[in-house]
Each structure stands twice: as structure tokens, then as C-alpha cells.
>>> print(open('target19.txt').read())   # compact mmCIF, C-alpha atoms
# COMPACT_ATOMS: atom_id res chain seq x y z
CA MET D 10 -31.06 1.08 4.61
CA SER D 11 -33.10 -1.88 3.39
CA ASP D 12 -36.74 -2.25 4.45
CA ALA D 13 -36.25 -6.00 4.86
CA PRO D 14 -33.97 -6.66 7.84
CA ALA D 15 -31.97 -9.82 8.26
CA THR D 16 -33.18 -12.21 10.94
CA LEU D 17 -30.93 -14.27 13.19
CA LYS D 18 -32.38 -17.10 15.26
CA PHE D 19 -30.41 -17.27 18.50
CA GLY D 20 -31.74 -19.68 21.13
CA ASP D 21 -35.46 -18.97 21.37
CA LYS D 22 -35.12 -15.42 20.00
CA ASP D 23 -35.52 -14.08 16.48
CA ILE D 24 -33.20 -11.08 16.24
CA GLY D 25 -33.89 -8.54 13.52
CA MET D 26 -30.90 -6.63 12.16
CA PRO D 27 -30.92 -3.76 9.65
CA VAL D 28 -29.43 -4.34 6.21
CA LEU D 29 -27.41 -1.40 4.88
CA SER D 30 -26.81 -0.78 1.18
CA GLY D 31 -23.93 1.18 -0.27
CA SER D 32 -23.87 2.91 -3.64
CA VAL D 33 -22.45 -0.28 -5.15
CA GLY D 34 -21.26 -3.63 -3.83
CA PRO D 35 -22.62 -6.20 -1.34
CA ASP D 36 -25.22 -5.25 1.26
CA VAL D 37 -24.05 -5.16 4.86
CA ILE D 38 -25.85 -6.65 7.87
CA ASP D 39 -25.68 -4.14 10.73
CA ILE D 40 -24.68 -6.11 13.84
CA ARG D 41 -23.83 -3.16 16.08
CA LYS D 42 -26.59 -4.08 18.57
CA LEU D 43 -26.04 -7.83 18.37
CA TYR D 44 -24.20 -8.10 21.70
CA ALA D 45 -26.79 -6.01 23.52
CA GLN D 46 -29.59 -8.13 22.06
CA THR D 47 -28.00 -11.59 22.44
CA GLY D 48 -24.95 -11.37 24.69
CA ALA D 49 -22.95 -12.95 21.84
CA PHE D 50 -20.22 -11.70 19.52
CA THR D 51 -19.49 -12.68 15.92
CA TYR D 52 -16.33 -14.62 15.06
CA ASP D 53 -14.50 -13.44 11.93
CA PRO D 54 -10.72 -14.04 11.96
CA GLY D 55 -9.03 -11.48 9.72
CA PHE D 56 -12.31 -9.52 9.50
CA THR D 57 -12.76 -10.90 5.97
CA SER D 58 -16.57 -10.70 6.20
CA THR D 59 -16.82 -7.59 8.37
CA ALA D 60 -17.21 -3.99 7.24
CA SER D 61 -15.37 -1.87 9.81
CA CYS D 62 -16.33 1.51 8.39
CA GLN D 63 -18.17 3.46 5.74
CA SER D 64 -15.93 4.86 3.02
CA ALA D 65 -16.39 6.79 -0.22
CA ILE D 66 -12.78 6.56 -1.40
CA THR D 67 -12.06 3.22 -3.10
CA TYR D 68 -14.27 0.40 -4.40
CA ILE D 69 -13.06 -3.07 -5.38
CA ASP D 70 -15.01 -5.87 -7.07
CA GLY D 71 -12.60 -8.76 -6.90
CA GLU D 72 -14.76 -11.13 -8.92
CA GLU D 73 -14.97 -8.74 -11.86
CA GLY D 74 -11.47 -7.27 -11.51
CA ILE D 75 -12.71 -3.70 -10.88
CA LEU D 76 -10.87 -1.00 -8.92
CA LEU D 77 -12.36 2.49 -8.68
CA HIS D 78 -10.97 5.58 -6.93
CA ARG D 79 -13.84 7.97 -6.18
CA GLY D 80 -15.67 6.22 -9.04
CA TYR D 81 -12.87 6.49 -11.62
CA PRO D 82 -11.43 3.22 -13.04
CA ILE D 83 -7.80 2.67 -12.09
CA ASP D 84 -6.72 2.00 -15.68
CA GLN D 85 -8.05 5.37 -16.83
CA LEU D 86 -6.27 7.16 -13.99
CA ALA D 87 -2.98 5.30 -14.57
CA GLU D 88 -2.99 5.95 -18.31
CA GLN D 89 -4.32 9.51 -18.42
CA SER D 90 -3.75 11.13 -15.04
CA SER D 91 -0.74 11.94 -12.84
CA PHE D 92 0.08 10.99 -9.27
CA PRO D 93 -0.49 14.54 -7.90
CA GLU D 94 -3.88 14.65 -9.62
CA VAL D 95 -4.84 11.24 -8.20
CA SER D 96 -3.63 12.41 -4.79
CA TYR D 97 -5.95 15.42 -4.99
CA LEU D 98 -8.80 13.15 -6.08
CA LEU D 99 -8.32 10.78 -3.14
CA LEU D 100 -8.04 13.63 -0.63
CA HIS D 101 -10.86 15.84 -1.87
CA GLY D 102 -13.24 13.50 -3.70
CA GLU D 103 -13.22 15.20 -7.10
CA LEU D 104 -10.75 15.68 -9.92
CA PRO D 105 -9.19 19.15 -9.66
CA SER D 106 -9.57 22.02 -12.08
CA LYS D 107 -6.38 23.28 -13.73
CA ALA D 108 -6.12 26.04 -11.12
CA GLU D 109 -6.76 23.63 -8.24
CA LEU D 110 -4.17 21.15 -9.52
CA ASP D 111 -1.57 23.91 -10.00
CA LYS D 112 -2.15 25.17 -6.46
CA PHE D 113 -2.01 21.65 -5.01
CA THR D 114 1.18 20.80 -6.93
CA TYR D 115 2.76 24.08 -5.79
CA THR D 116 1.80 23.39 -2.15
CA ILE D 117 3.23 19.87 -2.21
CA SER D 118 6.47 21.07 -3.84
CA ARG D 119 6.95 23.62 -1.03
CA HIS D 120 6.78 20.91 1.63
CA THR D 121 9.36 18.52 0.13
CA MET D 122 12.29 19.51 2.36
CA VAL D 123 12.72 17.90 5.77
CA HIS D 124 14.20 19.38 8.91
CA GLU D 125 17.99 19.30 8.75
CA GLN D 126 18.20 17.54 12.12
CA LEU D 127 16.56 14.52 10.51
CA ALA D 128 19.87 13.91 8.70
CA MET D 129 21.40 13.30 12.13
CA PHE D 130 18.53 10.93 12.92
CA PHE D 131 19.45 8.84 9.85
CA ARG D 132 23.02 8.50 11.00
CA GLY D 133 21.88 6.71 14.12
CA PHE D 134 20.98 3.67 12.01
CA ARG D 135 23.43 0.98 10.97
CA ARG D 136 24.59 1.34 7.39
CA ASP D 137 22.94 -1.98 6.46
CA ALA D 138 19.59 -1.16 8.07
CA HIS D 139 16.58 -2.13 5.96
CA PRO D 140 14.98 0.99 4.40
CA MET D 141 11.63 0.06 5.95
CA ALA D 142 13.20 0.00 9.40
CA ILE D 143 14.47 3.51 8.74
CA MET D 144 11.11 4.66 7.35
CA CYS D 145 9.24 3.40 10.42
CA GLY D 146 11.55 5.44 12.63
CA VAL D 147 11.86 8.68 10.69
CA VAL D 148 8.18 9.00 9.76
CA GLY D 149 7.16 8.51 13.36
CA ALA D 150 9.81 11.07 14.34
CA LEU D 151 8.17 13.73 12.15
CA SER D 152 5.69 14.26 14.99
CA ALA D 153 8.62 15.65 17.03
CA PHE D 154 9.24 18.33 14.40
CA TYR D 155 5.77 19.42 13.28
CA HIS D 156 3.72 20.14 16.41
CA ASP D 157 1.79 22.81 14.51
CA SER D 158 -0.12 20.20 12.49
CA ALA D 159 -0.82 17.55 15.12
CA ASP D 160 -4.22 18.76 16.35
CA ILE D 161 -6.51 16.22 14.70
CA THR D 162 -9.64 18.18 15.68
CA ASP D 163 -8.62 21.06 13.39
CA PRO D 164 -9.44 20.33 9.70
CA GLN D 165 -6.83 22.85 8.54
CA GLN D 166 -4.08 21.20 10.60
CA ARG D 167 -5.13 17.80 9.27
CA LEU D 168 -4.82 19.11 5.72
CA ILE D 169 -1.38 20.60 6.41
CA ALA D 170 -0.21 17.31 7.96
CA SER D 171 -1.56 15.44 4.93
CA HIS D 172 0.32 17.73 2.54
CA ARG D 173 3.50 17.36 4.59
CA LEU D 174 3.34 13.58 4.57
CA ILE D 175 2.66 13.32 0.83
CA ALA D 176 5.46 15.80 0.09
CA LYS D 177 8.12 14.48 2.45
CA MET D 178 7.77 10.74 1.85
CA PRO D 179 9.75 10.83 -1.45
CA THR D 180 12.50 12.81 0.29
CA LEU D 181 12.66 10.37 3.21
CA ALA D 182 12.57 7.29 0.94
CA ALA D 183 15.38 8.72 -1.21
CA MET D 184 17.39 9.51 1.93
CA ALA D 185 16.95 5.93 3.14
CA HIS D 186 18.39 4.69 -0.17
CA LYS D 187 21.26 7.19 -0.18
CA TYR D 188 22.17 6.30 3.37
CA SER D 189 22.34 2.58 2.55
CA VAL D 190 24.71 3.13 -0.39
CA GLY D 191 26.89 5.71 1.34
CA GLN D 192 26.09 8.63 -0.95
CA PRO D 193 25.25 12.19 0.16
CA PHE D 194 21.61 13.17 0.53
CA MET D 195 20.19 15.14 -2.39
CA HIS D 196 17.98 18.10 -1.60
CA PRO D 197 14.69 18.36 -3.53
CA ASP D 198 14.55 20.36 -6.77
CA ASN D 199 11.12 21.97 -6.94
CA ARG D 200 11.45 22.63 -10.67
CA LEU D 201 10.88 18.93 -11.29
CA SER D 202 7.69 16.91 -11.10
CA TYR D 203 6.80 14.93 -7.99
CA THR D 204 8.12 11.73 -9.55
CA GLY D 205 11.05 13.33 -11.39
CA ASN D 206 12.16 14.95 -8.16
CA PHE D 207 12.12 11.57 -6.41
CA LEU D 208 14.17 9.92 -9.16
CA ARG D 209 16.77 12.70 -8.97
CA MET D 210 16.98 12.49 -5.17
CA THR D 211 17.39 8.71 -5.43
CA PHE D 212 19.83 8.34 -8.31
CA GLY D 213 21.42 11.78 -8.71
CA VAL D 214 24.73 12.86 -7.18
CA PRO D 215 26.03 16.36 -6.44
CA ALA D 216 29.03 15.91 -8.75
CA GLU D 217 27.01 16.02 -11.98
CA PRO D 218 23.58 17.03 -13.29
CA TYR D 219 20.84 14.44 -13.34
CA VAL D 220 18.59 14.22 -16.40
CA VAL D 221 15.22 12.60 -15.80
CA ASN D 222 14.31 9.97 -18.40
CA PRO D 223 10.65 10.71 -19.32
CA ILE D 224 9.86 7.01 -19.95
CA ILE D 225 11.14 6.04 -16.50
CA GLU D 226 9.45 9.05 -14.94
CA ARG D 227 6.11 8.04 -16.44
CA ALA D 228 6.59 4.42 -15.36
CA MET D 229 7.29 5.47 -11.76
CA ASP D 230 4.29 7.80 -11.81
CA ARG D 231 2.08 4.89 -12.90
CA ILE D 232 3.52 2.68 -10.17
CA PHE D 233 2.69 5.37 -7.61
CA ILE D 234 -0.86 5.73 -8.97
CA LEU D 235 -1.44 1.96 -8.99
CA HIS D 236 -0.37 1.70 -5.35
CA ALA D 237 -2.05 4.88 -4.06
CA ASP D 238 -4.98 3.20 -2.29
CA HIS D 239 -6.59 -0.22 -2.10
CA GLU D 240 -9.59 0.02 0.21
CA GLN D 241 -9.46 -1.50 3.73
CA ASN D 242 -6.31 -3.62 3.39
CA ALA D 243 -4.12 -4.53 6.37
CA SER D 244 -1.99 -1.37 6.45
CA THR D 245 -4.91 0.98 5.80
CA SER D 246 -6.91 -0.72 8.54
CA THR D 247 -3.88 -0.29 10.80
CA VAL D 248 -3.75 3.45 10.05
CA ARG D 249 -7.47 3.75 10.78
CA LEU D 250 -7.16 1.71 13.99
CA ALA D 251 -4.25 3.80 15.24
CA GLY D 252 -6.08 6.98 14.25
CA SER D 253 -9.23 5.91 16.09
CA SER D 254 -7.38 6.39 19.37
CA GLY D 255 -6.63 10.01 18.52
CA ALA D 256 -2.97 9.39 17.68
CA ASN D 257 -1.20 12.08 15.65
CA PRO D 258 -1.10 11.56 11.86
CA PHE D 259 2.65 10.92 11.69
CA ALA D 260 2.36 8.10 14.24
CA CYS D 261 -0.60 6.64 12.33
CA ILE D 262 1.32 6.57 9.04
CA ALA D 263 4.35 5.04 10.78
CA ALA D 264 2.02 2.28 12.03
CA GLY D 265 0.83 1.73 8.47
CA ILE D 266 4.43 1.47 7.26
CA ALA D 267 5.18 -1.15 9.91
CA CYS D 268 2.20 -3.24 8.76
CA LEU D 269 3.07 -2.78 5.09
CA TRP D 270 6.53 -4.21 5.72
CA GLY D 271 5.13 -7.73 6.05
CA PRO D 272 5.91 -10.14 3.17
CA ALA D 273 2.22 -11.00 2.84
CA HIS D 274 1.41 -7.34 2.16
CA GLY D 275 3.82 -4.70 0.86
CA GLY D 276 6.76 -7.08 0.76
CA ALA D 277 5.10 -9.23 -1.90
CA ASN D 278 6.90 -7.58 -4.84
CA GLU D 279 10.23 -8.14 -3.11
CA ALA D 280 9.26 -11.79 -2.55
CA ALA D 281 8.23 -12.13 -6.21
CA LEU D 282 11.58 -10.84 -7.46
CA ASN D 283 13.47 -13.10 -5.05
CA MET D 284 11.48 -16.03 -6.45
CA LEU D 285 12.46 -15.07 -10.02
CA ARG D 286 16.09 -14.93 -8.93
CA GLU D 287 15.75 -18.37 -7.36
CA ILE D 288 14.36 -19.78 -10.62
CA GLY D 289 17.30 -18.13 -12.36
CA LYS D 290 16.76 -18.92 -16.03
CA PRO D 291 13.76 -19.58 -18.28
CA GLU D 292 14.80 -23.18 -18.81
CA HIS D 293 14.31 -23.84 -15.07
CA ILE D 294 10.68 -22.72 -15.12
CA PRO D 295 9.06 -26.16 -15.80
CA GLU D 296 10.73 -27.55 -12.68
CA TYR D 297 9.31 -24.75 -10.51
CA ILE D 298 5.88 -24.95 -12.16
CA ALA D 299 5.77 -28.63 -11.20
CA ARG D 300 6.80 -27.78 -7.66
CA ALA D 301 4.09 -25.12 -7.41
CA LYS D 302 1.46 -27.70 -8.43
CA ASP D 303 2.73 -30.23 -5.87
CA LYS D 304 0.70 -29.84 -2.68
CA ASP D 305 3.46 -31.48 -0.66
CA ASP D 306 6.14 -29.05 -1.84
CA PRO D 307 6.42 -25.86 0.26
CA PHE D 308 7.44 -23.80 -2.80
CA ARG D 309 4.87 -21.23 -3.89
CA LEU D 310 4.88 -18.97 -6.93
CA MET D 311 4.94 -15.39 -5.63
CA GLY D 312 3.27 -12.60 -7.60
CA PHE D 313 0.34 -14.72 -8.76
CA GLY D 314 -3.24 -14.53 -7.53
CA HIS D 315 -4.60 -12.05 -5.01
CA ARG D 316 -6.51 -12.09 -1.72
CA VAL D 317 -9.27 -9.92 -3.21
CA TYR D 318 -9.08 -10.32 -6.99
CA LYS D 319 -10.43 -13.58 -8.41
CA ASN D 320 -9.96 -12.18 -11.89
CA TYR D 321 -7.06 -10.39 -13.58
CA ASP D 322 -5.85 -7.64 -11.21
CA PRO D 323 -6.80 -4.44 -13.12
CA ARG D 324 -3.58 -2.81 -11.93
CA ALA D 325 -1.55 -5.65 -13.42
CA LYS D 326 -2.79 -4.92 -16.94
CA VAL D 327 -1.39 -1.39 -16.80
CA MET D 328 1.76 -2.61 -15.07
CA GLN D 329 2.36 -5.22 -17.78
CA GLN D 330 2.28 -2.52 -20.46
CA THR D 331 4.56 -0.33 -18.36
CA ALA D 332 7.05 -3.18 -17.92
CA GLU D 333 7.26 -3.63 -21.68
CA GLU D 334 7.88 0.11 -22.18
CA VAL D 335 10.62 0.24 -19.54
CA LEU D 336 12.42 -2.87 -20.75
CA ARG D 337 12.29 -1.61 -24.32
CA GLU D 338 13.59 1.84 -23.30
CA LEU D 339 16.45 0.50 -21.18
CA ASN D 340 17.30 -2.28 -23.64
CA ILE D 341 18.86 -4.39 -20.93
CA SER D 342 19.58 -8.10 -20.92
CA ASP D 343 18.82 -9.80 -17.61
CA PRO D 344 17.99 -13.51 -17.07
CA VAL D 345 15.59 -12.48 -14.28
CA LEU D 346 13.57 -10.36 -16.69
CA ASP D 347 13.63 -13.09 -19.35
CA THR D 348 12.41 -15.53 -16.70
CA ALA D 349 9.60 -13.18 -15.67
CA GLN D 350 8.34 -12.75 -19.23
CA GLU D 351 8.44 -16.48 -19.93
CA LEU D 352 6.76 -17.35 -16.63
CA GLU D 353 4.03 -14.81 -17.33
CA GLN D 354 3.17 -16.42 -20.67
CA ILE D 355 3.10 -19.91 -19.17
CA ALA D 356 0.86 -18.80 -16.29
CA LEU D 357 -1.60 -17.07 -18.62
CA ASN D 358 -1.99 -20.21 -20.74
CA ASP D 359 -1.56 -23.11 -18.30
CA PRO D 360 -4.95 -24.71 -17.42
CA TYR D 361 -3.86 -25.13 -13.78
CA PHE D 362 -3.32 -21.39 -13.33
CA ILE D 363 -6.43 -20.45 -15.32
CA GLU D 364 -8.65 -22.83 -13.31
CA LYS D 365 -7.35 -21.50 -9.98
CA LYS D 366 -7.40 -17.90 -11.28
CA LEU D 367 -3.73 -17.43 -10.49
CA TYR D 368 -3.12 -14.46 -12.76
CA PRO D 369 0.05 -12.37 -12.50
CA ASN D 370 -0.67 -9.57 -10.06
CA VAL D 371 0.64 -6.03 -9.62
CA ASP D 372 3.51 -7.24 -7.40
CA PHE D 373 4.84 -9.52 -10.12
CA TYR D 374 5.27 -6.71 -12.63
CA SER D 375 6.27 -3.92 -10.26
CA GLY D 376 9.24 -5.93 -9.00
CA VAL D 377 10.42 -6.51 -12.57
CA ILE D 378 10.10 -2.79 -13.41
CA LEU D 379 11.80 -1.52 -10.26
CA ASN D 380 14.64 -4.00 -10.69
CA ALA D 381 15.15 -2.85 -14.29
CA ILE D 382 15.19 0.82 -13.26
CA GLY D 383 17.91 0.11 -10.72
CA PHE D 384 16.21 0.04 -7.33
CA PRO D 385 17.68 -2.49 -4.88
CA THR D 386 15.16 -5.08 -3.75
CA GLU D 387 15.17 -3.69 -0.21
CA MET D 388 13.71 -0.43 -1.51
CA PHE D 389 10.61 -1.99 -3.09
CA THR D 390 8.41 -1.82 0.01
CA ALA D 391 9.62 1.70 0.83
CA LEU D 392 8.40 2.77 -2.62
CA PHE D 393 5.07 1.11 -1.89
CA ALA D 394 4.87 3.10 1.37
CA LEU D 395 5.67 6.31 -0.50
CA ALA D 396 2.78 5.77 -2.91
CA ARG D 397 0.30 4.42 -0.35
CA THR D 398 0.80 7.42 1.98
CA VAL D 399 -1.77 9.44 0.04
CA GLY D 400 -4.33 6.67 0.45
CA TRP D 401 -3.53 6.39 4.13
CA VAL D 402 -3.97 10.10 4.79
CA ALA D 403 -7.20 10.19 2.74
CA GLN D 404 -8.59 7.25 4.72
CA TRP D 405 -7.36 8.77 8.00
CA ASN D 406 -9.03 12.11 7.21
CA GLU D 407 -12.26 10.34 6.30
CA MET D 408 -12.18 8.35 9.52
CA ILE D 409 -11.57 11.42 11.69
CA SER D 410 -14.47 13.23 9.97
CA ASP D 411 -16.89 10.31 10.38
CA PRO D 412 -19.38 11.03 13.22
CA GLU D 413 -19.88 7.26 13.67
CA GLN D 414 -16.20 6.47 14.17
CA LYS D 415 -15.22 4.95 17.51
CA ILE D 416 -11.96 3.70 18.93
CA GLY D 417 -11.27 0.28 17.43
CA ARG D 418 -11.94 -2.57 19.85
CA PRO D 419 -12.22 -6.05 18.27
CA ARG D 420 -13.65 -8.82 20.43
CA GLN D 421 -12.32 -12.33 20.94
CA LEU D 422 -13.31 -15.94 21.46
CA TYR D 423 -11.52 -16.72 24.71
CA THR D 424 -10.09 -20.26 24.94
CA GLY D 425 -7.74 -19.92 27.93
CA ALA D 426 -8.01 -21.12 31.51
CA THR D 427 -11.09 -20.24 33.54
CA GLN D 428 -10.69 -18.47 36.90
CA ARG D 429 -8.26 -20.12 39.32
CA ASP D 430 -6.67 -19.09 42.61
CA TYR D 431 -3.11 -17.89 42.97
CA VAL D 432 -0.67 -20.33 44.63
CA PRO D 433 2.43 -18.88 46.36
CA VAL D 434 5.69 -19.85 44.69
CA ALA D 435 6.87 -21.90 47.69
CA GLN D 436 3.83 -24.15 47.39
CA ARG D 437 4.10 -24.85 43.65
>>> encode(input="target19.txt", output="C-alpha cells")
Amino acid sequence: MSDAPATLKFGDKDIGMPVLSGSVGPDVIDIRKLYAQTGAFTYDPGFTSTASCQSAITYIDGEEGILLHRGYPIDQLAEQSSFPEVSYLLLHGELPSKAELDKFTYTISRHTMVHEQLAMFFRGFRRDAHPMAIMCGVVGALSAFYHDSADITDPQQRLIASHRLIAKMPTLAAMAHKYSVGQPFMHPDNRLSYTGNFLRMTFGVPAEPYVVNPIIERAMDRIFILHADHEQNASTSTVRLAGSSGANPFACIAAGIACLWGPAHGGANEAALNMLREIGKPEHIPEYIARAKDKDDPFRLMGFGHRVYKNYDPRAKVMQQTAEEVLRELNISDPVLDTAQELEQIALNDPYFIEKKLYPNVDFYSGVILNAIGFPTEMFTALFALARTVGWVAQWNEMISDPEQKIGRPRQLYTGATQRDYVPVAQR
């Protein structure tokens, strides 16, 4: 805490407020006693200037393009680590030893199966149901099957629930895909890696063996790492808010999935790919660039710029390299991919984009990669949810363990009618 408090002049009062300092990043003015001292609230739509919690998990410096998980730069983790190792890091705060990683990987692999009755649950959805609609339902339904890990006051039960969610999300996401295409569900194969197992459950069929392509496996692992956590974004804040009421972890993660579904959040990579398909061919790009620069045209380039990053998204740099590796490995010809690569080069060199800091973001590249691998567009956000689950459970665990945490209760600036008397319907 800073020795020099901030001072707010309110009416004829000078209100002193403590200034808190984290290990890195902006100082925070502590306004917890503001209402008691002044009778006034603060007004901050979207909470863009409000710290809702203390956290030691993820740090972002949007101006400098920095993203750290427990202090480790995201590019180092994406290039040198694995998703299970990053999952352990987010959950426990430190990189695991070889023995710890082996034990964690073994534990996760033994939780990958889901209750057989969940297959019946899937069949209650229409065949054309969006995978995110299915994920919202089935993840929330896990609380009906795993009562033995729903006591949030027990650290061991919280850990078991966390392991179950991390392990079962790939199985549920693969089942959502299989259901939509009319193919039989594939049971997990615990001999494979976390990511290899997911690819087999998604693209394999019982009629023939499935061989995991190591280039695609590594690309998917990077995508999972790059989406594992991103500080107090909308879906993470939703998980924390739901958890603050004491809700069970499966319900909290289902709430996060519902929030992630929005096109302004997890649906951004789907929107970016749809935009590329609308553009169609590289020769159409100048027309759409002109439209994007026209303030009176509703068209917007999706996959460029970021709410937080005012520099190159550090995740996008790794994703760009990954996209090149995947496209080279698959050796496919697709006008959408040609359009993406051409649009990327124009955006990186056009003064308009440079001035406004509209760099290609992680959503731009991830959509290109997932499309090349063979995922339908509707699955993009479900994959995001799969990866982000580890961040959600880490944040949820941190929130439950925080002695300062309270049930979330934002305030409002009321602008409705003042008190008035009821008039019986016959007299209106």
C-alpha cells in the first residue's frame, strides 16, 4: 500500500483513499469505503477502470504487448511448453517438476471419460444445434453427475472438480462435433497426449485407426496454450461472479461458456473467418479496405485490433508462425487462406492500420488455422471454451481462496421514474 493516499474532493469534504500497488502494473485507488464516506458510488460502464479482485495468475500490459502467466511470457510457454504443463502452472503457480507433470498428466488422462448417460443427454438436442448451445447444457449438467466434488469449501474437492473439468472438456467438445455430423462418439484413448486425444475423438472413426499428425497436434497445443487465460475478461469475470455466490464449479464454467459465446468475445475468430469468406478473393481486398476506412460504412474488419492490446498481440506472433507451419504441412489451396495472408500483409504496412494500431490479433490467425485443419466454423468458440476452462478453474479457485472475496454486487446510476402511486386498472 502506498504511503501517499489519493484525495477526492466531494462537496466540502476531502476524502482520502488508500493507493494499492501490485507487483507490476498500474496502482489501484481503493474505493471500498467511498460510499460509507460520501454516500456516492462510482460510475464505470463495463468496469474498464475498476479492479474487481486481486490476482496472481495473469498479467497483461496492452501498451507494450506483454502477456505473462505466473510471470512467464506467453511466447516462451507457447514455443517451449505444453498445454498440460501450462495448465499445472496456472492452477498451482509454479512450473512442475518432471514427477509432478507426469502425475498431473496421468490424473487428467484418468478423468477424460464422461458418464454414459451424457450420451443420452446429447441426443435431446436438435442435430443442427450450435456446439456452444450443447456445451452450455452438458457442462452445466455435469453437476448432476459429480456430487462428490461440488463442496466448494473443501480444497480437495475443488481440485478434483478442476481436474474433471480440464479432462472432460475435450471429450464433450469432440462429442458436440460428432453429434452435429452424425458420426458415433469416440471414447478417449489415454495412450495419446491431451491434444492428440482430442484430435482423434474429433476426427477419428471406429472403422479405421487414426494417426495423429504431429504438426497439427503441436499447432492445436499452441492454440490451447494461447487461449488458456487472459486475465479478467468478460467470461472470466462471469465465472468469478457466478462463483462468488457459492455456485458449484460446473455451473460457474457453464456460465463462462455462455458469456464466451458472444461474437464480441469468443466468437471473434468465427466472425473473422466469416469476414474472409465474404471478401472471397485477394483481388477483392482493396474494396473492403476502403469500406473499413469509411466511417459511414457499417463494414468492419474482424480480427484486427484488440480491446486491451494497443500493440501487436503477443499471442498473434506465435499464431502467425503456427499458421505458416500448418498451411505448409497441409499444402492446401484455399482462396480464404490466400485472402487472409494478403490481408495480413496489407494491414501490417498500411499507414491507416499502423496509425490506429489495428494489428492482426489472435482471432485472425486461429480462425485460419482451425479452418485449414478441418474444423467447421461453428466449432471455433467451443475450442476456445475447451482451452479457457483451465484459466477459468484457476481463477475460480483463486477467488474461492481469497479471504477478501465477497458476492459480486455492482451498483447502478438509476435513471427511471421516481416513486409514484399505483392506479387501479379501471381508472387508467
>>> closest_residue(input="target19.txt", among="D:Pro35, D:Glu413, D:Cys261, D:Met122", to="Ser246 (chain D)", atoms="only C-alpha atoms")
D:Cys261
>>> closest_residue(input="target19.txt", among="D:Phe259, D:Phe131, D:Phe113, D:Tyr203", to="Tyr155 (chain D)", atoms="only C-alpha atoms")
D:Phe259
>>> residues_around(input="target19.txt", residues="Lys326 (chain D)", least_positions_apart="4", cutoff="10 Å", atoms="all atoms listed in the file", output="ChimeraX atom specification")
/D:84,321-322,330-331,369-371,374
>>> atom_distance(input="target19.txt", atom1="CA of Gly312 (chain D)", atom2="CA of Val345 (chain D)")
14.0 Å
>>> closest_residue(input="target19.txt", among="D:Leu250, D:Leu100, D:Leu86, D:Ala15", to="Arg167 (chain D)", atoms="only C-alpha atoms")
D:Leu100
